[in-house]
$ cat run_6.pdb   # PDB, C-alpha atoms and all ligand atoms
MODEL        1
ATOM      1  CA  MET A1280      -5.127 -21.386   6.978  1.00  0.00           C
ATOM      2  CA  ARG A1281      -2.251 -18.938   6.501  1.00  0.00           C
ATOM      3  CA  THR A1282       1.033 -19.414   8.328  1.00  0.00           C
ATOM      4  CA  ASN A1283       2.109 -15.876   7.496  1.00  0.00           C
ATOM      5  CA  PRO A1284      -0.183 -12.846   7.437  1.00  0.00           C
ATOM      6  CA  ASN A1285      -1.118 -10.711   4.464  1.00  0.00           C
ATOM      7  CA  ILE A1286      -0.672  -7.000   4.987  1.00  0.00           C
ATOM      8  CA  ILE A1287      -1.916  -4.225   2.712  1.00  0.00           C
ATOM      9  CA  ILE A1288       0.075  -1.011   2.759  1.00  0.00           C
ATOM     10  CA  THR A1289      -2.064   1.674   1.227  1.00  0.00           C
ATOM     11  CA  GLY A1290      -2.333   5.447   0.973  1.00  0.00           C
ATOM     12  CA  THR A1291      -2.114   8.274  -1.537  1.00  0.00           C
ATOM     13  CA  PRO A1292       0.791   8.079  -4.032  1.00  0.00           C
ATOM     14  CA  GLY A1293       3.935   9.473  -2.394  1.00  0.00           C
ATOM     15  CA  VAL A1294       3.104   8.567   1.219  1.00  0.00           C
ATOM     16  CA  GLY A1295       5.846   5.928   1.361  1.00  0.00           C
ATOM     17  CA  LYS A1296       4.135   2.622   0.556  1.00  0.00           C
ATOM     18  CA  THR A1297       6.989   1.223  -1.547  1.00  0.00           C
ATOM     19  CA  THR A1298       9.666   2.318   0.915  1.00  0.00           C
ATOM     20  CA  HIS A1299       7.796   0.725   3.821  1.00  0.00           C
ATOM     21  CA  ALA A1300       6.956  -2.461   1.899  1.00  0.00           C
ATOM     22  CA  GLU A1301      10.532  -2.983   0.671  1.00  0.00           C
ATOM     23  CA  THR A1302      12.032  -2.416   4.111  1.00  0.00           C
ATOM     24  CA  LEU A1303       9.516  -4.728   5.738  1.00  0.00           C
ATOM     25  CA  ALA A1304      10.085  -7.430   3.129  1.00  0.00           C
ATOM     26  CA  GLU A1305      13.832  -7.261   3.745  1.00  0.00           C
ATOM     27  CA  LYS A1306      13.440  -7.458   7.507  1.00  0.00           C
ATOM     28  CA  THR A1307      10.748 -10.124   7.707  1.00  0.00           C
ATOM     29  CA  GLY A1308      11.219 -12.281   4.609  1.00  0.00           C
ATOM     30  CA  LEU A1309       7.627 -11.590   3.574  1.00  0.00           C
ATOM     31  CA  ARG A1310       7.015 -11.013  -0.140  1.00  0.00           C
ATOM     32  CA  HIS A1311       6.606  -7.465  -1.438  1.00  0.00           C
ATOM     33  CA  ILE A1312       3.763  -7.446  -3.942  1.00  0.00           C
ATOM     34  CA  SER A1313       4.027  -4.237  -5.931  1.00  0.00           C
ATOM     35  CA  VAL A1314       0.589  -4.121  -7.495  1.00  0.00           C
ATOM     36  CA  ASN A1315       1.751  -1.409  -9.871  1.00  0.00           C
ATOM     37  CA  GLN A1316       4.458  -3.727 -11.178  1.00  0.00           C
ATOM     38  CA  ILE A1317       1.970  -6.573 -11.636  1.00  0.00           C
ATOM     39  CA  VAL A1318      -0.442  -4.275 -13.487  1.00  0.00           C
ATOM     40  CA  LYS A1319       2.418  -3.379 -15.815  1.00  0.00           C
ATOM     41  CA  ASP A1320       4.075  -6.783 -16.217  1.00  0.00           C
ATOM     42  CA  LYS A1321       0.886  -8.824 -16.592  1.00  0.00           C
ATOM     43  CA  GLU A1322      -0.933  -6.143 -18.569  1.00  0.00           C
ATOM     44  CA  CYS A1323      -3.869  -5.866 -16.169  1.00  0.00           C
ATOM     45  CA  HIS A1324      -4.902  -2.596 -17.754  1.00  0.00           C
ATOM     46  CA  GLU A1325      -6.770  -0.993 -20.603  1.00  0.00           C
ATOM     47  CA  GLY A1326      -3.942   1.314 -21.573  1.00  0.00           C
ATOM     48  CA  TRP A1327      -2.041   4.313 -20.293  1.00  0.00           C
ATOM     49  CA  ASP A1328      -3.701   7.560 -19.238  1.00  0.00           C
ATOM     50  CA  ASP A1329      -1.427  10.365 -20.446  1.00  0.00           C
ATOM     51  CA  GLU A1330      -3.107  13.073 -18.423  1.00  0.00           C
ATOM     52  CA  TYR A1331      -2.759  11.191 -15.134  1.00  0.00           C
ATOM     53  CA  MET A1332       0.427   9.360 -16.076  1.00  0.00           C
ATOM     54  CA  SER A1333      -0.975   6.058 -14.836  1.00  0.00           C
ATOM     55  CA  TRP A1334      -2.402   2.765 -16.075  1.00  0.00           C
ATOM     56  CA  ILE A1335      -6.168   2.381 -16.436  1.00  0.00           C
ATOM     57  CA  VAL A1336      -6.458  -0.739 -14.279  1.00  0.00           C
ATOM     58  CA  ASP A1337      -8.602  -3.726 -15.193  1.00  0.00           C
ATOM     59  CA  GLU A1338      -9.487  -4.979 -11.707  1.00  0.00           C
ATOM     60  CA  ASP A1339     -10.751  -8.391 -12.851  1.00  0.00           C
ATOM     61  CA  LYS A1340      -7.483  -9.112 -14.630  1.00  0.00           C
ATOM     62  CA  LEU A1341      -5.546  -7.813 -11.656  1.00  0.00           C
ATOM     63  CA  LEU A1342      -7.385 -10.087  -9.226  1.00  0.00           C
ATOM     64  CA  ASP A1343      -6.743 -13.043 -11.529  1.00  0.00           C
ATOM     65  CA  ALA A1344      -3.046 -12.142 -11.591  1.00  0.00           C
ATOM     66  CA  LEU A1345      -2.957 -11.937  -7.792  1.00  0.00           C
ATOM     67  CA  GLU A1346      -4.666 -15.338  -7.592  1.00  0.00           C
ATOM     68  CA  GLU A1347      -1.941 -16.707  -9.870  1.00  0.00           C
ATOM     69  CA  GLU A1348       0.642 -15.256  -7.503  1.00  0.00           C
ATOM     70  CA  ASN A1349      -1.138 -17.233  -4.758  1.00  0.00           C
ATOM     71  CA  VAL A1350      -1.470 -14.130  -2.628  1.00  0.00           C
ATOM     72  CA  LYS A1351      -4.257 -15.572  -0.533  1.00  0.00           C
ATOM     73  CA  ALA A1352      -1.868 -18.225   0.815  1.00  0.00           C
ATOM     74  CA  GLY A1353      -0.271 -15.470   2.918  1.00  0.00           C
ATOM     75  CA  GLY A1354       3.080 -13.855   3.558  1.00  0.00           C
ATOM     76  CA  CYS A1355       2.495 -10.901   1.237  1.00  0.00           C
ATOM     77  CA  ILE A1356       2.961  -7.201   1.727  1.00  0.00           C
ATOM     78  CA  ILE A1357       0.611  -5.710  -0.827  1.00  0.00           C
ATOM     79  CA  ASP A1358       1.519  -2.187  -1.901  1.00  0.00           C
ATOM     80  CA  TRP A1359      -1.245  -0.293  -3.694  1.00  0.00           C
ATOM     81  CA  HIS A1360      -3.059   3.053  -3.617  1.00  0.00           C
ATOM     82  CA  GLY A1361      -6.354   1.355  -2.890  1.00  0.00           C
ATOM     83  CA  CYS A1362      -7.611  -1.622  -0.959  1.00  0.00           C
ATOM     84  CA  GLU A1363     -11.309  -2.221  -1.539  1.00  0.00           C
ATOM     85  CA  MET A1364     -10.751  -4.633  -4.410  1.00  0.00           C
ATOM     86  CA  PHE A1365      -8.932  -7.246  -2.299  1.00  0.00           C
ATOM     87  CA  PRO A1366     -11.239  -9.913  -0.818  1.00  0.00           C
ATOM     88  CA  GLU A1367     -11.613  -9.469   2.951  1.00  0.00           C
ATOM     89  CA  SER A1368     -10.703 -13.111   3.470  1.00  0.00           C
ATOM     90  CA  TRP A1369      -7.209 -12.458   2.065  1.00  0.00           C
ATOM     91  CA  VAL A1370      -6.325  -9.651   4.424  1.00  0.00           C
ATOM     92  CA  ASP A1371      -5.025  -9.671   8.020  1.00  0.00           C
ATOM     93  CA  LEU A1372      -3.880  -6.059   8.441  1.00  0.00           C
ATOM     94  CA  VAL A1373      -4.409  -2.821   6.506  1.00  0.00           C
ATOM     95  CA  VAL A1374      -1.877  -0.064   7.112  1.00  0.00           C
ATOM     96  CA  VAL A1375      -2.920   3.355   5.825  1.00  0.00           C
ATOM     97  CA  LEU A1376       0.049   5.708   5.580  1.00  0.00           C
ATOM     98  CA  ARG A1377      -0.578   9.439   5.979  1.00  0.00           C
ATOM     99  CA  VAL A1378       1.525  12.535   5.319  1.00  0.00           C
ATOM    100  CA  ASP A1379       1.206  16.283   5.778  1.00  0.00           C
ATOM    101  CA  SER A1380       0.167  18.168   2.654  1.00  0.00           C
ATOM    102  CA  SER A1381       3.374  20.163   2.344  1.00  0.00           C
ATOM    103  CA  THR A1382       5.487  16.994   2.555  1.00  0.00           C
ATOM    104  CA  LEU A1383       3.310  15.252  -0.015  1.00  0.00           C
ATOM    105  CA  TYR A1384       3.476  18.286  -2.282  1.00  0.00           C
ATOM    106  CA  ASP A1385       7.275  18.192  -2.206  1.00  0.00           C
ATOM    107  CA  ARG A1386       7.417  14.434  -2.858  1.00  0.00           C
ATOM    108  CA  LEU A1387       4.981  14.544  -5.779  1.00  0.00           C
ATOM    109  CA  SER A1388       6.574  17.652  -7.310  1.00  0.00           C
ATOM    110  CA  SER A1389       9.916  15.922  -7.368  1.00  0.00           C
ATOM    111  CA  ARG A1390       8.245  13.082  -9.286  1.00  0.00           C
ATOM    112  CA  LYS A1391       7.263  15.642 -11.917  1.00  0.00           C
ATOM    113  CA  TYR A1392       3.584  14.762 -11.650  1.00  0.00           C
ATOM    114  CA  PRO A1393       1.328  16.761 -13.976  1.00  0.00           C
ATOM    115  CA  GLU A1394      -0.525  19.543 -12.137  1.00  0.00           C
ATOM    116  CA  ALA A1395      -3.937  17.816 -12.368  1.00  0.00           C
ATOM    117  CA  LYS A1396      -2.612  14.596 -10.900  1.00  0.00           C
ATOM    118  CA  LEU A1397      -0.660  16.381  -8.188  1.00  0.00           C
ATOM    119  CA  GLN A1398      -3.706  18.382  -7.132  1.00  0.00           C
ATOM    120  CA  GLU A1399      -5.980  15.353  -7.212  1.00  0.00           C
ATOM    121  CA  ASN A1400      -3.628  13.416  -4.953  1.00  0.00           C
ATOM    122  CA  LEU A1401      -3.227  16.306  -2.515  1.00  0.00           C
ATOM    123  CA  ASP A1402      -7.023  16.625  -2.308  1.00  0.00           C
ATOM    124  CA  SER A1403      -7.351  12.891  -1.820  1.00  0.00           C
ATOM    125  CA  GLU A1404      -4.883  12.971   1.090  1.00  0.00           C
ATOM    126  CA  ILE A1405      -6.589  15.946   2.733  1.00  0.00           C
ATOM    127  CA  MET A1406     -10.019  14.323   2.351  1.00  0.00           C
ATOM    128  CA  GLU A1407      -8.694  11.047   3.820  1.00  0.00           C
ATOM    129  CA  VAL A1408     -10.038   9.121   0.815  1.00  0.00           C
ATOM    130  CA  LEU A1409      -7.837   6.035   1.239  1.00  0.00           C
ATOM    131  CA  LEU A1410      -8.364   5.910   5.004  1.00  0.00           C
ATOM    132  CA  GLN A1411     -12.110   6.001   4.463  1.00  0.00           C
ATOM    133  CA  GLU A1412     -11.883   3.317   1.785  1.00  0.00           C
ATOM    134  CA  ALA A1413      -9.982   1.070   4.217  1.00  0.00           C
ATOM    135  CA  ARG A1414     -12.472   1.696   7.019  1.00  0.00           C
ATOM    136  CA  ASP A1415     -15.408   1.027   4.684  1.00  0.00           C
ATOM    137  CA  SER A1416     -13.885  -2.194   3.342  1.00  0.00           C
ATOM    138  CA  TYR A1417     -12.477  -3.940   6.426  1.00  0.00           C
ATOM    139  CA  ASP A1418     -13.192  -4.588  10.075  1.00  0.00           C
ATOM    140  CA  GLU A1419     -12.045  -1.502  11.980  1.00  0.00           C
ATOM    141  CA  GLN A1420      -9.841  -3.661  14.214  1.00  0.00           C
ATOM    142  CA  ILE A1421      -7.504  -4.510  11.344  1.00  0.00           C
ATOM    143  CA  VAL A1422      -7.149  -0.975   9.952  1.00  0.00           C
ATOM    144  CA  VAL A1423      -4.215   1.055  11.296  1.00  0.00           C
ATOM    145  CA  GLU A1424      -3.377   4.651  10.373  1.00  0.00           C
ATOM    146  CA  LEU A1425       0.320   5.593  10.616  1.00  0.00           C
ATOM    147  CA  THR A1426       2.124   8.829   9.731  1.00  0.00           C
ATOM    148  CA  SER A1427       5.042   8.772   7.310  1.00  0.00           C
ATOM    149  CA  ASN A1428       6.500  12.286   7.251  1.00  0.00           C
ATOM    150  CA  THR A1429      10.009  11.468   8.393  1.00  0.00           C
ATOM    151  CA  THR A1430      12.557   8.670   8.309  1.00  0.00           C
ATOM    152  CA  ASP A1431      12.178   8.265  12.079  1.00  0.00           C
ATOM    153  CA  GLU A1432       8.457   7.730  11.639  1.00  0.00           C
ATOM    154  CA  MET A1433       9.099   5.216   8.914  1.00  0.00           C
ATOM    155  CA  GLU A1434      11.525   3.257  11.096  1.00  0.00           C
ATOM    156  CA  SER A1435       9.106   3.230  13.973  1.00  0.00           C
ATOM    157  CA  ASN A1436       6.268   2.115  11.666  1.00  0.00           C
ATOM    158  CA  VAL A1437       8.382  -0.734  10.333  1.00  0.00           C
ATOM    159  CA  ASP A1438       9.281  -1.816  13.900  1.00  0.00           C
ATOM    160  CA  ARG A1439       5.628  -1.723  14.859  1.00  0.00           C
ATOM    161  CA  ILE A1440       4.491  -3.791  11.894  1.00  0.00           C
ATOM    162  CA  GLU A1441       7.328  -6.251  12.458  1.00  0.00           C
ATOM    163  CA  SER A1442       6.187  -6.750  16.069  1.00  0.00           C
ATOM    164  CA  TRP A1443       2.631  -7.138  14.866  1.00  0.00           C
ATOM    165  CA  ILE A1444       3.742  -9.902  12.454  1.00  0.00           C
ATOM    166  CA  LYS A1445       5.552 -11.754  15.279  1.00  0.00           C
ATOM    167  CA  GLN A1446       2.468 -11.518  17.466  1.00  0.00           C
ATOM    168  CA  TRP A1447       0.206 -12.671  14.627  1.00  0.00           C
ATOM    169  CA  LYS A1448       2.379 -15.740  14.141  1.00  0.00           C
ATOM    170  CA  GLN A1449       2.312 -16.552  17.853  1.00  0.00           C
ATOM    171  CA  ASP A1450      -1.456 -16.266  17.833  1.00  0.00           C
ATOM    172  CA  HIS A1451      -2.095 -18.172  14.613  1.00  0.00           C
ATOM    173  CA  VAL A1452       0.637 -20.768  14.214  1.00  0.00           C
ATOM    174  CA  ALA A1453       0.737 -23.549  16.748  1.00  0.00           C
TER     175      ALA A1453
HETATM  176  P1  LIG B1501       4.560   5.481  -2.588  1.00  0.00           P
HETATM  177  O1  LIG B1501       4.995   4.061  -2.841  1.00  0.00           O
HETATM  178  O2  LIG B1501       3.488   5.587  -1.551  1.00  0.00           O
HETATM  179  O3  LIG B1501       4.209   6.235  -3.826  1.00  0.00           O
HETATM  180  P2  LIG B1501       7.383   5.934  -2.011  1.00  0.00           P
HETATM  181  O4  LIG B1501       7.749   4.845  -1.047  1.00  0.00           O
HETATM  182  O5  LIG B1501       7.772   5.754  -3.432  1.00  0.00           O
HETATM  183  O6  LIG B1501       5.795   6.241  -1.927  1.00  0.00           O
HETATM  184  O7  LIG B1501       7.972   7.281  -1.413  1.00  0.00           O
HETATM  185  C1  LIG B1501       7.937   8.502  -2.118  1.00  0.00           C
HETATM  186  C2  LIG B1501       9.179   9.303  -1.819  1.00  0.00           C
HETATM  187  O8  LIG B1501       9.146   9.769  -0.473  1.00  0.00           O
HETATM  188  C3  LIG B1501      10.480   8.533  -1.956  1.00  0.00           C
HETATM  189  O9  LIG B1501      11.446   9.425  -2.469  1.00  0.00           O
HETATM  190  C4  LIG B1501      10.855   8.145  -0.544  1.00  0.00           C
HETATM  191  C5  LIG B1501      10.249   9.253   0.275  1.00  0.00           C
HETATM  192  N1  LIG B1501       9.693   8.817   1.571  1.00  0.00           N
HETATM  193  C6  LIG B1501       8.707   7.918   1.731  1.00  0.00           C
HETATM  194  N2  LIG B1501       8.396   7.771   3.021  1.00  0.00           N
HETATM  195  C7  LIG B1501       9.200   8.608   3.708  1.00  0.00           C
HETATM  196  C8  LIG B1501       9.360   8.929   5.095  1.00  0.00           C
HETATM  197  N3  LIG B1501       8.601   8.362   6.053  1.00  0.00           N
HETATM  198  N4  LIG B1501      10.290   9.838   5.439  1.00  0.00           N
HETATM  199  C9  LIG B1501      11.049  10.431   4.493  1.00  0.00           C
HETATM  200  N5  LIG B1501      10.943  10.179   3.153  1.00  0.00           N
HETATM  201  C10 LIG B1501      10.047   9.275   2.777  1.00  0.00           C
ENDMDL
END

$ encode --input "run_6.pdb" --output "structure tokens"
Amino acid sequence: MRTNPNIIITGTPGVGKTTHAETLAEKTGLRHISVNQIVKDKECHEGWDDEYMSWIVDEDKLLDALEEENVKAGGCIIDWHGCEMFPESWVDLVVVLRVDSSTLYDRLSSRKYPEAKLQENLDSEIMEVLLQEARDSYDEQIVVELTSNTTDEMESNVDRIESWIKQWKQDHVA
């Protein structure tokens, strides 16, 4: 039984996962789990893909690393551009962040993404790939889609998730 919920924040690279997760962690005391950082630090990968400028993730190793971090005990804000690999029993809420294409283009360009990776991520956002993955992997009642184009939207998202956490605790902790 968890006394704090686990929340996945997912979406295409550049939508604002890290910004949301860090702000939420600060405000709520929950633990920000940057999956990217764990992949890097614990070497849960089979090397670096130069073309896509990203790690080739070894999901078995990554799950083992998350077990070691005791993620399933709760109180984690998991930040990752995917969600289907996490066991359903670990997860209480899945937030899928969304942005307009032009905003995403600007954010990814300023990260100096290679053209192939930039285009692939823009396509992924337009085709709602991560939203679909979340809906296919979890009960629809725990999947929430939120827009993250502006700072105001981000603040309102954080407020909403914070309220959700309070409610979850009232409902689950005697
Ligand atoms: P991700 O972790 O999904 O890759 P990020 O949190 O690193 O995304 O954000 C990418 C950039 O966009 C970063 O410079 C912060 C900015 N950003 C994120 N969400 C935003 C929002 N809702 N409004 C304005 N800027 C935002």

$ residues_around --input "run_6.pdb" --residues "Arg1377 (chain A)" --least-positions-apart "5" --cutoff "10 Å" --atoms "all atoms listed in the file" --output "VMD selection string"
chain A and resid 1289 to 1291 1293 to 1296 1383 1404 to 1405 1407 1409 to 1410 1424 to 1428

$ residues_near_ligand --input "run_6.pdb" --ligand "ligand LIG 1501 (chain B)" --cutoff "9 Å" --atoms "only C-alpha atoms and all ligand atoms" --output "PyMOL selection string"
chain A and resi 1288-1301+1313+1358-1360+1376+1378+1382-1383+1385-1387+1389-1390+1426-1434+1436

$ residues_around --input "run_6.pdb" --residues "Pro1393 (chain A)" --least-positions-apart "3" --cutoff "8 Å" --atoms "only C-alpha atoms" --output "JSON, numbers by chain"
{"A": [1330, 1331, 1332, 1396, 1397]}

$ atom_distance --input "run_6.pdb" --atom1 "CA of Cys1323 (chain A)" --atom2 "CA of Glu1347 (chain A)"
12.7 Å

$ resolve_selection --input "run_6.pdb" --expression "the PyMOL selection byres (((chain A and resi 1353) around 12) and not hetatm)" --output "JSON, numbers by chain"
{"A": [1280, 1281, 1282, 1283, 1284, 1285, 1286, 1287, 1309, 1310, 1311, 1312, 1345, 1346, 1348, 1349, 1350, 1351, 1352, 1354, 1355, 1356, 1357, 1368, 1369, 1370, 1371, 1372, 1444, 1448]}

$ axis_aligned_box --input "run_6.pdb" --around "region 1341-1348 of chain A" --padding-each-side "5 Å" --output "JSON"
{"center_x": -3.4, "center_y": -12.3, "center_z": -9.6, "size_x": 18.0, "size_y": 18.9, "size_z": 14.2}

$ atom_distance --input "run_6.pdb" --atom1 "CA of Gln1420 (chain A)" --atom2 "CA of Thr1307 (chain A)"
22.5 Å

$ atom_distance --input "run_6.pdb" --atom1 "CA of Glu1338 (chain A)" --atom2 "CA of Val1423 (chain A)"
24.4 Å

$ resolve_selection --input "run_6.pdb" --expression "the PyMOL selection byres (((chain A and resi 1337) around 7) and not hetatm)" --output "ChimeraX atom specification"
/A:1323-1325,1335-1336,1338-1341

$ closest_residue --input "run_6.pdb" --among "A:Met1406, A:Ala1413, A:Ala1344, A:Ile1317" --to "Gly1361 (chain A)" --atoms "all atoms listed in the file"
A:Ala1413

$ residues_around --input "run_6.pdb" --residues "Val1422 (chain A)" --least-positions-apart "5" --cutoff "8 Å" --atoms "all atoms listed in the file" --output "PyMOL selection string"
chain A and resi 1372-1375+1413-1414+1417

$ closest_residue --input "run_6.pdb" --among "A:Ser1442, A:Ser1416, A:Asp1379, A:Val1318" --to "Ser1333 (chain A)" --atoms "only C-alpha atoms"
A:Val1318
